[in-house]
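Notes follow the structure.
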Amino acid sequence: MSKVLQKLEKMADTDCSAIIHLKRPIASTFAKEDIVILKLAQQAFSHIFKHADKADMLRSSDDVNVQPYDEAHLQLGARRLLCFRLTDDTFYISMIPQSNDIQKAQKVIRGALSILRKVVQKTTP
């Protein structure tokens with residue numbers, strides 16, 4: 001699975017990435033020294049999506065066309081992180097350098113979401 005992540009990183013021009021399922025990485029290319037950043041990002045994104053889901057529940061009674069939030073961005077110092085929710089409890093988190101084009105990374109990753117979801121479906125119970 002790390003080959004899939006590495007290929008996606010190369011296409012999206014990101015530094016590293018991980019697939020987190022139930023708060024644990026099932027695949028990661030994060031360096032050992034960046035694992036603490038990955039854990040912090042996972043906690044922050046979980047919190048963000050939890051509250052976004054609550055907001056969606058409030059809006060859904062008013063608007064029939066509400067789409068759930070599936071993407072969030074976070075900046076920790078010089079590190080920019082992108083997160084895409086693959087399932088309710090599975091995230092794809094990627095770290096992108098400051099100088100790289102975030103729109104390009106978003107477009108490439110969004111294009112690969114269906115493949116990532118299939119990979120996750122095959123590797124998680």
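Following the order of the structure tokens, chains are lettered A, B, ..., residues in each are numbered from 1, and ligands are numbered from 1.
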
task = Would you mind listing what lies within 12 Å of range 36-45 of chain A as an MDAnalysis selection string, with only C-alpha atoms counted and same-chain residues fewer than 6 positions away left out?
result = chainID A and resid 16:25 27:30 51:52 69:85 88:95

key: DSSP-assigned strand (DSSP E or B) among chain A, expressed as a PyMOL selection string   = chain A and resi 16-21+24-28+71-76+79-87+90-96

request  = Choose the residue, out of A:Ser46, A:Thr14, A:Thr87, A:Gln121, that has the smallest atom-to-atom separation from Gln106 in chain A; count only C-alpha atoms.
outcome  =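 Checking each of A:Ser46, A:Thr14, A:Thr87, A:Gln121 against Gln106 in chain A, counting only C-alpha atoms, the winner is A:Thr14.
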
query = By how many Å are CA of Thr123 in chain A and CA of Lys3 in chain A apart?
reply = 14.6 Å

task = Check range 7-122 of chain A with DSSP on the backbone and list each residue it calls alpha helix (DSSP H), as an NGL selection string.
result = :A and (7-12 or 35-60 or 102-122)

message = Given only C-alpha atoms as the basis, pick out the residue of A:Asp13, A:Ala31, A:Ile26, A:Pro68 nearest to Lys107 in chain A.
response =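 Comparing A:Asp13, A:Ala31, A:Ile26, A:Pro68 against Lys107 in chain A, the winner is A:Asp13.
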
inquiry  = Between CA of Gln6 in chain A and CA of Arg110 in chain A, what distance in Å does the model show, to one decimal?
reply    =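 Separating CA of Gln6 in chain A from CA of Arg110 in chain A is a distance of 15.7 Å.
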
ask   = Which residues, written as JSON, numbers by chain, have at least one atom at most 9 Å from Val4 in chain A, with only C-alpha atoms counted and residues fewer than 4 positions away on the same chain left out?
value = {"A": [8, 9, 116]}

Residue nearest Ile96 in chain A among A:Ser114, A:His47, A:Ile109, A:Ala55 (counting only C-alpha atoms) =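 Of A:Ser114, A:His47, A:Ile109, A:Ala55, the one nearest Ile96 in chain A, counting only C-alpha atoms, is A:Ile109.
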
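Relative to CA of Gln103 in chain A, CA of Lys50 in chain A is found at 24.6 Å.
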